[in-house]
Structures are given as structure tokens and as C-alpha cells.
$ cat model-v1.cif   # mmCIF, C-alpha atoms (C1' of nucleotides)
data_run
#
loop_
_atom_site.label_atom_id
_atom_site.label_comp_id
_atom_site.auth_asym_id
_atom_site.auth_seq_id
_atom_site.Cartn_x
_atom_site.Cartn_y
_atom_site.Cartn_z
CA MET A 1 89.79 -46.87 59.55
CA PRO A 2 86.46 -47.76 57.97
CA GLU A 3 84.59 -45.29 60.15
CA SER A 4 86.03 -42.37 58.22
CA LYS A 5 83.85 -43.46 55.32
CA VAL A 6 80.65 -43.35 57.33
CA ASP A 7 78.81 -40.16 56.57
CA PRO A 8 77.47 -38.40 59.64
CA VAL A 9 73.70 -38.54 59.44
CA GLU A 10 71.67 -35.39 59.57
CA THR A 11 70.41 -35.97 63.12
CA ASP A 12 74.04 -36.01 64.31
CA LEU A 13 74.62 -32.64 62.69
CA ARG A 14 71.40 -31.23 64.08
CA MET A 15 72.56 -32.24 67.53
CA ALA A 16 75.86 -30.48 66.97
CA GLN A 17 74.01 -27.23 66.32
CA ASP A 18 72.31 -27.53 69.69
CA LEU A 19 75.49 -28.56 71.49
CA LEU A 20 77.45 -25.63 70.14
CA PHE A 21 74.74 -23.14 70.96
CA PHE A 22 74.13 -24.27 74.54
CA ALA A 23 77.71 -25.07 75.53
CA TYR A 24 79.00 -21.76 74.19
CA ARG A 25 76.14 -19.82 75.74
CA ASP A 26 76.71 -21.26 79.20
CA PHE A 27 80.49 -21.22 79.00
CA THR A 28 80.64 -17.53 78.14
CA ASN A 29 77.89 -16.75 80.65
CA ALA A 30 80.06 -18.16 83.41
CA ALA A 31 82.28 -15.09 83.48
CA ASP A 32 79.50 -12.56 82.94
CA VAL A 33 78.71 -11.82 86.59
CA ALA A 34 82.33 -10.94 87.40
CA LEU A 35 82.54 -8.85 84.23
CA ALA A 36 79.30 -6.99 84.93
CA GLU A 37 80.55 -5.96 88.39
CA LEU A 38 83.32 -4.06 86.65
CA GLY A 39 81.20 -2.67 83.85
CA LEU A 40 83.03 -4.81 81.31
CA GLY A 41 81.66 -7.11 78.63
CA ARG A 42 82.62 -10.22 76.76
CA ALA A 43 84.64 -8.31 74.22
CA HIS A 44 86.91 -7.18 77.06
CA HIS A 45 87.23 -10.74 78.28
CA ARG A 46 88.23 -12.00 74.86
CA ALA A 47 90.93 -9.34 74.59
CA LEU A 48 92.21 -10.10 78.09
CA HIS A 49 92.33 -13.79 77.29
CA PHE A 50 94.29 -13.53 74.06
CA ILE A 51 96.67 -10.88 75.36
CA GLY A 52 97.24 -12.98 78.47
CA ARG A 53 97.95 -16.09 76.43
CA ASN A 54 100.17 -14.14 74.02
CA PRO A 55 102.13 -11.52 75.95
CA GLY A 56 103.67 -9.01 73.58
CA ILE A 57 101.14 -9.67 70.82
CA THR A 58 100.80 -6.91 68.24
CA VAL A 59 97.53 -5.13 67.60
CA SER A 60 97.26 -6.52 64.10
CA ASP A 61 97.82 -10.10 65.26
CA LEU A 62 95.13 -9.64 67.88
CA LEU A 63 92.81 -8.26 65.19
CA GLY A 64 93.51 -11.34 63.11
CA ILE A 65 92.53 -13.64 65.96
CA LEU A 66 89.40 -11.83 67.03
CA ARG A 67 88.28 -11.04 63.47
CA ILE A 68 86.75 -7.74 64.40
CA THR A 69 87.50 -4.32 63.01
CA LYS A 70 90.22 -2.03 64.29
CA GLN A 71 87.59 0.37 65.61
CA SER A 72 85.82 -2.27 67.64
CA LEU A 73 89.09 -3.38 69.17
CA ALA A 74 90.27 0.18 69.78
CA ARG A 75 87.37 0.96 72.09
CA VAL A 76 87.84 -2.24 74.07
CA LEU A 77 91.61 -1.84 74.29
CA SER A 78 91.55 1.80 75.35
CA GLU A 79 89.09 0.99 78.12
CA LEU A 80 91.30 -1.83 79.33
CA MET A 81 94.33 0.45 79.29
CA GLU A 82 92.50 3.32 81.05
CA ARG A 83 91.57 0.94 83.82
CA GLY A 84 95.09 -0.37 84.10
CA TYR A 85 94.51 -3.96 82.96
CA VAL A 86 96.54 -3.74 79.76
CA ALA A 87 99.74 -1.88 78.90
CA GLN A 88 101.65 -1.28 75.69
CA SER A 89 105.33 -1.14 74.91
CA PRO A 90 106.97 -0.28 71.60
CA GLY A 91 108.38 -3.19 69.65
CA SER A 92 112.12 -3.59 70.05
CA THR A 93 112.89 -4.34 66.42
CA ASP A 94 109.90 -2.53 64.90
CA ARG A 95 109.02 0.58 66.83
CA ARG A 96 105.74 1.08 64.97
CA GLN A 97 104.33 -1.84 66.89
CA ARG A 98 102.65 -1.43 70.27
CA LEU A 99 103.15 -4.76 71.97
CA LEU A 100 100.31 -5.58 74.30
CA HIS A 101 100.58 -7.25 77.67
CA LEU A 102 98.56 -7.58 80.84
CA THR A 103 99.50 -5.63 83.94
CA GLY A 104 99.46 -7.25 87.37
CA ALA A 105 95.84 -6.19 87.76
CA GLY A 106 95.08 -7.55 84.30
CA ILE A 107 96.61 -10.92 85.14
CA THR A 108 94.56 -11.06 88.34
CA LEU A 109 91.34 -10.17 86.56
CA GLU A 110 91.89 -12.59 83.70
CA ARG A 111 92.60 -15.35 86.18
CA ARG A 112 89.42 -14.56 88.09
CA LEU A 113 87.36 -14.80 84.91
CA PHE A 114 89.11 -18.01 83.93
CA GLU A 115 88.28 -19.52 87.31
CA ARG A 116 84.58 -18.98 86.73
CA GLN A 117 84.87 -20.79 83.42
CA GLN A 118 86.87 -23.58 85.03
CA ASP A 119 83.88 -24.15 87.31
CA ARG A 120 81.89 -25.22 84.27
CA LEU A 121 84.71 -26.93 82.42
CA ARG A 122 86.38 -29.00 85.13
CA PRO A 123 83.35 -31.12 86.09
CA ALA A 124 82.55 -31.66 82.43
CA TYR A 125 86.08 -32.89 81.70
CA ARG A 126 86.19 -35.11 84.77
CA ALA A 127 82.82 -36.66 84.06
CA ALA A 128 83.55 -37.26 80.41
CA GLY A 129 87.03 -38.70 80.89
CA PRO A 130 90.27 -38.27 78.94
CA ASP A 131 89.17 -40.20 75.86
CA ALA A 132 86.08 -38.08 75.48
CA VAL A 133 88.18 -34.96 75.94
CA ALA A 134 90.49 -36.11 73.17
CA GLY A 135 87.47 -36.60 70.91
CA PHE A 136 86.14 -33.20 71.86
CA ARG A 137 89.45 -31.69 70.82
CA ARG A 138 89.47 -33.48 67.49
CA VAL A 139 85.96 -32.43 66.57
CA MET A 140 86.37 -28.83 67.70
CA SER A 141 89.63 -28.52 65.79
CA GLY A 142 87.93 -29.87 62.70
CA ILE A 143 85.14 -27.31 62.88
CA MET A 144 87.39 -24.24 62.98
CA ASP A 145 89.17 -22.87 59.93
CA ASP A 146 92.78 -23.60 58.98
CA ALA A 147 94.22 -20.45 60.52
CA ALA A 148 92.50 -21.09 63.83
CA ARG A 149 93.61 -24.72 63.82
CA ALA A 150 97.19 -23.60 63.23
CA TYR A 151 96.93 -21.26 66.19
CA VAL A 152 95.59 -23.99 68.45
CA ASP A 153 98.21 -26.48 67.28
CA ALA A 154 101.00 -23.99 67.90
CA HIS A 155 99.79 -23.07 71.36
CA HIS A 156 98.82 -26.51 72.54
CA ALA A 157 101.26 -28.87 70.90
CA LYS A 158 101.02 -32.53 71.93
CA GLY A 159 104.08 -32.48 74.14
CA ASP A 160 103.29 -29.12 75.67
CA MET B 1 87.05 -45.79 86.07
CA PRO B 2 90.21 -44.33 87.53
CA GLU B 3 90.38 -41.57 84.94
CA SER B 4 87.40 -39.80 86.50
CA LYS B 5 89.65 -39.01 89.46
CA VAL B 6 92.28 -37.34 87.33
CA ASP B 7 91.91 -33.61 87.59
CA PRO B 8 92.14 -31.84 84.26
CA VAL B 9 95.27 -29.76 84.29
CA GLU B 10 95.13 -26.06 83.63
CA THR B 11 96.64 -26.31 80.15
CA ASP B 12 93.76 -28.58 79.13
CA LEU B 13 91.27 -25.99 80.31
CA ARG B 14 93.14 -23.19 78.58
CA MET B 15 92.92 -25.15 75.36
CA ALA B 16 89.19 -25.55 75.84
CA GLN B 17 88.80 -21.77 75.94
CA ASP B 18 90.50 -21.51 72.57
CA LEU B 19 88.58 -24.43 71.08
CA LEU B 20 85.22 -23.00 72.10
CA PHE B 21 86.05 -19.55 70.81
CA PHE B 22 87.34 -20.60 67.41
CA ALA B 23 84.92 -23.43 66.71
CA TYR B 24 81.92 -21.32 67.64
CA ARG B 25 83.21 -18.33 65.71
CA ASP B 26 83.70 -20.29 62.50
CA PHE B 27 80.59 -22.42 62.87
CA THR B 28 78.32 -19.41 63.21
CA ASN B 29 80.21 -17.53 60.51
CA ALA B 30 79.39 -20.30 58.07
CA ALA B 31 75.80 -19.10 57.67
CA ASP B 32 76.57 -15.40 57.74
CA VAL B 33 76.97 -14.85 54.01
CA ALA B 34 73.57 -16.32 53.24
CA LEU B 35 72.04 -14.32 56.08
CA ALA B 36 73.64 -11.06 55.02
CA GLU B 37 72.20 -11.42 51.50
CA LEU B 38 68.74 -11.26 53.06
CA GLY B 39 69.55 -8.54 55.56
CA LEU B 40 69.15 -10.96 58.44
CA GLY B 41 71.46 -11.65 61.36
CA ARG B 42 72.40 -14.47 63.68
CA ALA B 43 69.52 -13.75 65.99
CA HIS B 44 67.16 -14.54 63.14
CA HIS B 45 69.00 -17.77 62.41
CA ARG B 46 68.77 -18.89 66.03
CA ALA B 47 65.03 -18.28 66.05
CA LEU B 48 64.57 -20.09 62.73
CA HIS B 49 66.57 -23.03 64.05
CA PHE B 50 64.68 -23.53 67.28
CA ILE B 51 61.25 -22.94 65.71
CA GLY B 52 62.16 -25.37 62.95
CA ARG B 53 63.27 -28.02 65.43
CA ASN B 54 60.22 -27.39 67.65
CA PRO B 55 57.20 -26.68 65.45
CA GLY B 56 54.38 -25.22 67.51
CA ILE B 57 56.71 -23.93 70.24
CA THR B 58 55.27 -21.18 72.39
CA VAL B 59 56.89 -17.76 72.64
CA SER B 60 57.75 -18.26 76.30
CA ASP B 61 59.40 -21.62 75.66
CA LEU B 62 61.45 -20.05 72.89
CA LEU B 63 62.43 -17.24 75.26
CA GLY B 64 63.54 -19.85 77.79
CA ILE B 65 65.79 -21.51 75.23
CA LEU B 66 67.36 -18.40 73.79
CA ARG B 67 67.66 -16.64 77.17
CA ILE B 68 67.04 -13.23 75.74
CA THR B 69 64.37 -10.73 76.69
CA LYS B 70 60.91 -10.61 75.24
CA GLN B 71 61.72 -7.34 73.51
CA SER B 72 64.79 -8.70 71.79
CA LEU B 73 62.84 -11.69 70.53
CA ALA B 74 59.84 -9.58 69.49
CA ARG B 75 61.84 -7.60 66.99
CA VAL B 76 63.40 -10.71 65.47
CA LEU B 77 60.10 -12.60 65.35
CA SER B 78 58.12 -9.77 63.82
CA GLU B 79 60.72 -9.37 61.08
CA LEU B 80 60.60 -13.09 60.35
CA MET B 81 56.80 -12.99 60.21
CA GLU B 82 56.72 -9.87 58.00
CA ARG B 83 58.98 -11.61 55.54
CA GLY B 84 56.88 -14.74 55.60
CA TYR B 85 59.37 -17.15 57.17
CA VAL B 86 57.45 -17.71 60.40
CA ALA B 87 53.73 -17.94 61.13
CA GLN B 88 51.67 -18.11 64.31
CA SER B 89 48.55 -20.03 65.20
CA PRO B 90 46.55 -19.84 68.42
CA GLY B 91 47.00 -22.73 70.84
CA SER B 92 44.19 -25.27 70.67
CA THR B 93 43.87 -25.82 74.41
CA ASP B 94 45.19 -22.43 75.56
CA ARG B 95 44.17 -19.72 73.15
CA ARG B 96 46.48 -17.16 74.74
CA GLN B 97 49.40 -18.95 73.18
CA ARG B 98 50.70 -18.10 69.72
CA LEU B 99 52.27 -21.30 68.52
CA LEU B 100 55.19 -20.64 66.21
CA HIS B 101 56.09 -22.59 63.10
CA LEU B 102 58.07 -22.12 59.93
CA THR B 103 56.31 -21.49 56.64
CA GLY B 104 57.43 -23.25 53.49
CA ALA B 105 59.79 -20.36 52.78
CA GLY B 106 61.07 -20.55 56.37
CA ILE B 107 61.78 -24.26 56.06
CA THR B 108 63.67 -23.63 52.82
CA LEU B 109 65.70 -20.80 54.32
CA GLU B 110 66.54 -22.68 57.51
CA ARG B 111 67.66 -25.64 55.46
CA ARG B 112 69.88 -23.44 53.34
CA LEU B 113 71.57 -22.00 56.43
CA PHE B 114 71.94 -25.47 57.90
CA GLU B 115 73.64 -26.67 54.73
CA ARG B 116 76.32 -24.02 55.10
CA GLN B 117 76.98 -25.20 58.63
CA GLN B 118 77.03 -28.82 57.49
CA ASP B 119 79.90 -27.87 55.18
CA ARG B 120 81.99 -27.18 58.28
CA LEU B 121 80.60 -29.93 60.44
CA ARG B 122 80.54 -32.91 58.13
CA PRO B 123 84.29 -33.04 57.34
CA ALA B 124 85.08 -32.49 61.02
CA TYR B 125 82.89 -35.40 62.05
CA ARG B 126 84.20 -37.68 59.34
CA ALA B 127 87.82 -36.91 60.08
CA ALA B 128 87.42 -37.30 63.83
CA GLY B 129 85.43 -40.53 63.69
CA PRO B 130 82.46 -41.79 65.72
CA ASP B 131 84.34 -42.27 68.99
CA ALA B 132 85.61 -38.72 68.93
CA VAL B 133 82.12 -37.48 68.14
CA ALA B 134 80.77 -39.37 71.15
CA GLY B 135 83.40 -37.72 73.31
CA PHE B 136 82.58 -34.33 71.83
CA ARG B 137 78.96 -34.88 72.80
CA ARG B 138 79.83 -35.89 76.35
CA VAL B 139 82.06 -32.88 76.96
CA MET B 140 79.70 -30.37 75.37
CA SER B 141 76.76 -31.75 77.34
CA GLY B 142 78.79 -31.43 80.51
CA ILE B 143 79.59 -27.78 79.86
CA MET B 144 76.00 -26.62 79.44
CA ASP B 145 73.61 -26.14 82.36
CA ASP B 146 71.05 -28.69 83.54
CA ALA B 147 68.13 -27.18 81.64
CA ALA B 148 70.06 -27.15 78.38
CA ARG B 149 71.26 -30.72 78.93
CA ALA B 150 67.65 -31.80 79.52
CA TYR B 151 66.64 -30.17 76.24
CA VAL B 152 69.41 -31.92 74.33
CA ASP B 153 68.67 -35.27 75.95
CA ALA B 154 64.98 -34.95 75.12
CA HIS B 155 65.59 -33.98 71.51
CA HIS B 156 68.43 -36.35 70.77
CA ALA B 157 67.74 -39.47 72.82
CA LYS B 158 70.13 -42.38 72.31
CA GLY B 159 67.75 -44.44 70.20
CA ASP B 160 66.51 -41.45 68.22
"C1'" DG C 1 117.91 10.07 51.58
"C1'" DC C 2 113.46 9.47 49.31
"C1'" DC C 3 109.12 6.86 48.88
"C1'" DG C 4 105.79 3.45 49.04
"C1'" DA C 5 104.08 0.22 52.33
"C1'" DT C 6 102.94 -0.98 56.98
"C1'" DA C 7 101.41 -0.51 62.17
"C1'" DA C 8 98.62 1.86 64.77
"C1'" DG C 9 95.43 5.40 66.15
"C1'" DT C 10 91.40 8.22 65.28
"C1'" DC C 11 86.95 10.49 63.60
"C1'" DA C 12 82.19 10.17 62.10
"C1'" DA C 13 78.19 7.73 61.19
"C1'" DT C 14 75.50 3.60 61.57
"C1'" DA C 15 73.61 -1.33 62.51
"C1'" DT C 16 72.59 -5.33 65.29
"C1'" DT C 17 71.61 -7.32 69.32
"C1'" DA C 18 70.74 -6.87 73.65
"C1'" DC C 19 68.94 -4.70 78.02
"C1'" DT C 20 65.34 -2.55 81.86
"C1'" DG C 21 60.95 -1.19 83.25
"C1'" DA C 22 56.39 -0.25 82.56
"C1'" DC C 23 51.90 -1.02 80.70
"C1'" DG C 24 47.85 -3.27 78.15
"C1'" DT C 25 44.90 -7.10 76.58
"C1'" DA C 26 43.04 -11.39 76.37
"C1'" DA C 27 42.45 -15.87 78.24
"C1'" DT C 28 42.99 -19.12 81.91
"C1'" DT C 29 43.00 -20.66 86.62
"C1'" DT C 30 41.60 -20.43 91.31
"C1'" DA D 1 35.25 -12.12 90.71
"C1'" DA D 2 40.16 -11.93 91.30
"C1'" DA D 3 44.69 -13.35 90.44
"C1'" DT D 4 47.72 -15.15 87.21
"C1'" DT D 5 49.59 -16.17 82.80
"C1'" DA D 6 50.80 -15.48 77.71
"C1'" DC D 7 51.77 -12.27 74.72
"C1'" DG D 8 52.51 -7.81 72.75
"C1'" DT D 9 54.21 -3.12 72.91
"C1'" DC D 10 56.31 1.47 74.16
"C1'" DA D 11 60.30 4.24 75.52
"C1'" DG D 12 64.93 4.65 76.52
"C1'" DT D 13 69.56 2.80 76.71
"C1'" DA D 14 73.93 -0.10 76.29
"C1'" DA D 15 77.43 -3.21 74.21
"C1'" DT D 16 79.35 -4.70 70.24
"C1'" DA D 17 79.93 -4.45 65.84
"C1'" DT D 18 80.30 -2.26 61.07
"C1'" DT D 19 82.35 0.95 56.84
"C1'" DG D 20 85.20 4.49 55.16
"C1'" DA D 21 88.39 8.03 55.45
"C1'" DC D 22 92.33 10.21 57.38
"C1'" DT D 23 96.78 10.96 60.25
"C1'" DT D 24 101.21 9.79 62.31
"C1'" DA D 25 105.21 7.30 62.79
"C1'" DT D 26 108.21 3.94 61.21
"C1'" DC D 27 110.19 0.56 58.14
"C1'" DG D 28 112.25 -1.31 54.00
"C1'" DG D 29 113.84 -1.10 49.34
"C1'" DC D 30 115.97 1.48 45.85
#
$ encode --input "model-v1.cif" --output "C-alpha cells"
Amino acid sequence: MPESKVDPVETDLRMAQDLLFFAYRDFTNAADVALAELGLGRAHHRALHFIGRNPGITVSDLLGILRITKQSLARVLSELMERGYVAQSPGSTDRRQRLLHLTGAGITLERRLFERQQDRLRPAYRAAGPDAVAGFRRVMSGIMDDAARAYVDAHHAKGD
Amino acid sequence: MPESKVDPVETDLRMAQDLLFFAYRDFTNAADVALAELGLGRAHHRALHFIGRNPGITVSDLLGILRITKQSLARVLSELMERGYVAQSPGSTDRRQRLLHLTGAGITLERRLFERQQDRLRPAYRAAGPDAVAGFRRVMSGIMDDAARAYVDAHHAKGD
DNA sequence: GCCGATAAGTCAATATTACTGACGTAATTT
DNA sequence: AAATTACGTCAGTAATATTGACTTATCGGC
């Protein structure tokens, strides 16, 4: 593979800065209207997403994914629990743990937010085609750090 | 192109949520250490980037790109001007405008921040290869809105 | 069974980034 | 001359994040 020796030129990397800024801005914006109706923000959406994708996740594992402080997460989590979107249950082997999961209402809300993001994502994927999507995956995986890449690999294994 | 009829399945779209979160998180984090040393934040970096890529940009055009309010930008811009990273000059045809550009120090700082992001981007691009990068571009362009796509197309035309 | 380490929650204070709405000034357009 | 535009600014507020210290309950090793 001779292309792996070709150094990406600076203009390519400049473009990537723009792509990441705009795509992330508009992708996250997609769910904002639905969130604002409920008085919730993006931090709540992120928590809902990762709890929904990882039912029974511990607080410390969630902290490790989000990379925010315990205090920042505590506010978001207690609001989500007050409103009945998230519930806790003590760990079966380790009772210090409070395993997090979405309630029925939480699943419904998370799905609604996901649908708004699908509206942006689905046309982009269809227009770009499967090969482009595979390339997108490879580049995005390469940008994130090792721990994040391990998470993605574990959750979205090839034959999954 | 039969693949354009294939609907992306939900697991693909779920993966995209993870990819966007982690790649954006780690990409933006890359410049944070250098920013923190100077007491600056990501908002300052974003302004430096778009002024640097668009010398002479007007305040309202910059507002349209960043999609923040005038007040949020004002604070960031005045800090950057106080510290001598950004300067203004009146528009030649329309003297109401304050055209923004980086000073020598601003160019140096922006380049330093860019280098930290290159450290993440360059290995990802090299490992993924040119075809993957092209796919990455197509998908990311598809996710952003029309105005953002027009900006990217104008700034990074095929034969550029 | 004791004891250090761990999981989680909490308190207090603060910073960054963002928002809304209103108002003022200068320059341009009609 | 009047309306509009570009920019700046003031006041108040909200969401998200931070650091540091402290408590409670539980676990694991000795």
C-alpha cells in the first residue's frame, strides 16, 4: 500500500478542521429543539445516549467515557432521575455500584433525539455510499484516542 | 449506483453517534493544553481559526459561521485583540465594517494550535489512506447543513 | 474482624461559554 | 431625510464545566 507513505498535505488537514467543526455543530444541533422543549441540554443527551447504549453501566465507567468531572455528571444525572428518565439499581456483585439504566420514558426520549440525528445522518450516508462510509469510519477511528477506539471496536465489531 | 438505494441500518447510525462524539472530543482536546497555558479557551481557538482562514472577514460573516450571538463573540474577540492576536481595520468600501485579521502573534499562535491537531489528524489520514479520506469528506459534508457545505466547497474546491 | 482502597454522593466556590433583549452610533442605501 | 445595516455595548441569566474537600457504604486483603 504505497498510499500509506503519502503525507497528507496541509490543505487536507485544514479541510478536516472545517469538516469536524461544521459536521459536529449541525449533528448535535439536530436534537437541540427536542431537548429545549424539555428544558434539557446536550449534556443530558450525551448521558442518555451512553446509558442507553450501555444498560447497567457504572457511574465511574460513564465518567470515563464522557471525561467530565463527577460534579458535572452528578447534576445531569440527578435531573434525569428526578424526571424519571434514568434509574439506578445496586450492583449484584458489588453493592457500592449504582448501575444506571434508562426507564421506559428514558428509552422513548433517547429514541426521539436519535431520530432527529438520523434525519441528518441517513441522507448523508445514502448519498455518500457504503465505501465512503467505511472510509469515514476509518478516519474517525484514527482521530480518537486509543481508549475511545477500543470502546468503538468493542461496541461495533465487524460482525455485529 | 445500486448502493445509494441501500438504507443505512440503525447500527450504522448508532456507530456514527459514537464516532462523532469521540473524534470531536479528542480532536478539540488536542489544542487544549496550549490554550490553557495562555488562559484561553476553545471559543478563542475557533475565532482564531476562522479569522486566520479568512483574513479580512467581517464580524457578521464570522457570526454566521460560528452561529453564536454577537455578545458571545464580542467577549472572545476583545480578549484576542487586547492580547494582540487579532486586529481590525475599517472596510475600504464600507467603512462601517471592521475587517478582522490575525497579527503576527496571532498567526504564530494559530499555527501552534493547528500543529497539535495535526498530531492527531496526520496519523489518522496516513493510516486510513486517500480513498478513506475521500469517503470521510463525503460523509462529513453530507452531515452539515447547506450553508456550511457551501463554505467548505468554496474554501476547499477540488482543484485547490 | 480490621483497614486501606474503592464507588458514589455531596458541598462550596468558580470559570467558560453561551443566551435574550435592549440600546447607541456611525455609515450606507433608498 | 428616512430606513437600514454593521458594529459595539449594557444588564441579567443559563448551561456546562472546573477544583478541592469531605462523607458514606462497601469491598478486598491480611
$ closest_residue --input "model-v1.cif" --among "A:Leu100, A:Leu113, A:Ala36, A:Ala105" --to "chain D" --atoms "all atoms listed in the file"
A:Ala36
$ resolve_selection --input "model-v1.cif" --expression "the PyMOL selection byres ((chain A) within 10 of (chain C))" --output "list in words"
Thr58, Val59, Ser60, Lys70, Gln71, Ala74, Asp94, Arg95, Arg96, Gln97 and Arg98 of chain A
$ atom_distance --input "model-v1.cif" --atom1 "atom CA of Ala132 of chain A" --atom2 "atom CA of Asp26 of chain A"
19.6 Å
$ closest_residue --input "model-v1.cif" --among "B:Arg111, B:His156, B:Arg75, B:Arg137" --to "chain D" --atoms "all atoms listed in the file"
B:Arg75
$ residues_around --input "model-v1.cif" --residues "Asp7 of chain A" --least-positions-apart "2" --cutoff "12 Å" --atoms "all atoms listed in the file" --output "PDB file with C-alpha atoms, in the frame of the given file"
ATOM      1  CA  PRO A   2      86.460 -47.760  57.970  1.00  0.00           C
ATOM      2  CA  GLU A   3      84.590 -45.290  60.150  1.00  0.00           C
ATOM      3  CA  SER A   4      86.030 -42.370  58.220  1.00  0.00           C
ATOM      4  CA  LYS A   5      83.850 -43.460  55.320  1.00  0.00           C
ATOM      5  CA  VAL A   9      73.700 -38.540  59.440  1.00  0.00           C
ATOM      6  CA  GLU A  10      71.670 -35.390  59.570  1.00  0.00           C
ATOM      7  CA  THR A  11      70.410 -35.970  63.120  1.00  0.00           C
ATOM      8  CA  ASP A  12      74.040 -36.010  64.310  1.00  0.00           C
ATOM      9  CA  LEU A  13      74.620 -32.640  62.690  1.00  0.00           C
TER      10      LEU A  13
ATOM     11  CA  GLN B 118      77.030 -28.820  57.490  1.00  0.00           C
ATOM     12  CA  LEU B 121      80.600 -29.930  60.440  1.00  0.00           C
ATOM     13  CA  ARG B 122      80.540 -32.910  58.130  1.00  0.00           C
ATOM     14  CA  PRO B 123      84.290 -33.040  57.340  1.00  0.00           C
ATOM     15  CA  ALA B 124      85.080 -32.490  61.020  1.00  0.00           C
ATOM     16  CA  TYR B 125      82.890 -35.400  62.050  1.00  0.00           C
ATOM     17  CA  ARG B 126      84.200 -37.680  59.340  1.00  0.00           C
ATOM     18  CA  ALA B 127      87.820 -36.910  60.080  1.00  0.00           C
ATOM     19  CA  ALA B 128      87.420 -37.300  63.830  1.00  0.00           C
ATOM     20  CA  GLY B 129      85.430 -40.530  63.690  1.00  0.00           C
ATOM     21  CA  PRO B 130      82.460 -41.790  65.720  1.00  0.00           C
TER      22      PRO B 130
END
$ atom_distance --input "model-v1.cif" --atom1 "atom CA of Arg149 of chain A" --atom2 "atom CA of Ile68 of chain A"
18.3 Å
$ residues_near_point --input "model-v1.cif" --point "(85.9, -37.0, 69.9)" --cutoff "7 Å" --atoms "only C-alpha atoms (C1' of nucleotides)" --output "PDB file with C-alpha atoms, in the frame of the given file"
ATOM      1  CA  ALA A 132      86.080 -38.080  75.480  1.00  0.00           C
ATOM      2  CA  VAL A 133      88.180 -34.960  75.940  1.00  0.00           C
ATOM      3  CA  ALA A 134      90.490 -36.110  73.170  1.00  0.00           C
ATOM      4  CA  GLY A 135      87.470 -36.600  70.910  1.00  0.00           C
ATOM      5  CA  PHE A 136      86.140 -33.200  71.860  1.00  0.00           C
ATOM      6  CA  ARG A 137      89.450 -31.690  70.820  1.00  0.00           C
ATOM      7  CA  ARG A 138      89.470 -33.480  67.490  1.00  0.00           C
ATOM      8  CA  VAL A 139      85.960 -32.430  66.570  1.00  0.00           C
TER       9      VAL A 139
ATOM     10  CA  ALA B 128      87.420 -37.300  63.830  1.00  0.00           C
ATOM     11  CA  ASP B 131      84.340 -42.270  68.990  1.00  0.00           C
ATOM     12  CA  ALA B 132      85.610 -38.720  68.930  1.00  0.00           C
ATOM     13  CA  VAL B 133      82.120 -37.480  68.140  1.00  0.00           C
ATOM     14  CA  ALA B 134      80.770 -39.370  71.150  1.00  0.00           C
ATOM     15  CA  GLY B 135      83.400 -37.720  73.310  1.00  0.00           C
ATOM     16  CA  PHE B 136      82.580 -34.330  71.830  1.00  0.00           C
TER      17      PHE B 136
END
$ closest_residue --input "model-v1.cif" --among "D:DA21, D:DA15, D:DA6, D:DC27" --to "chain B" --atoms "all atoms listed in the file"
D:DA6
$ closest_residue --input "model-v1.cif" --among "A:Thr93, A:Ala31, A:Asn54, A:Pro8" --to "chain D" --atoms "only C-alpha atoms (C1' of nucleotides)"
A:Thr93
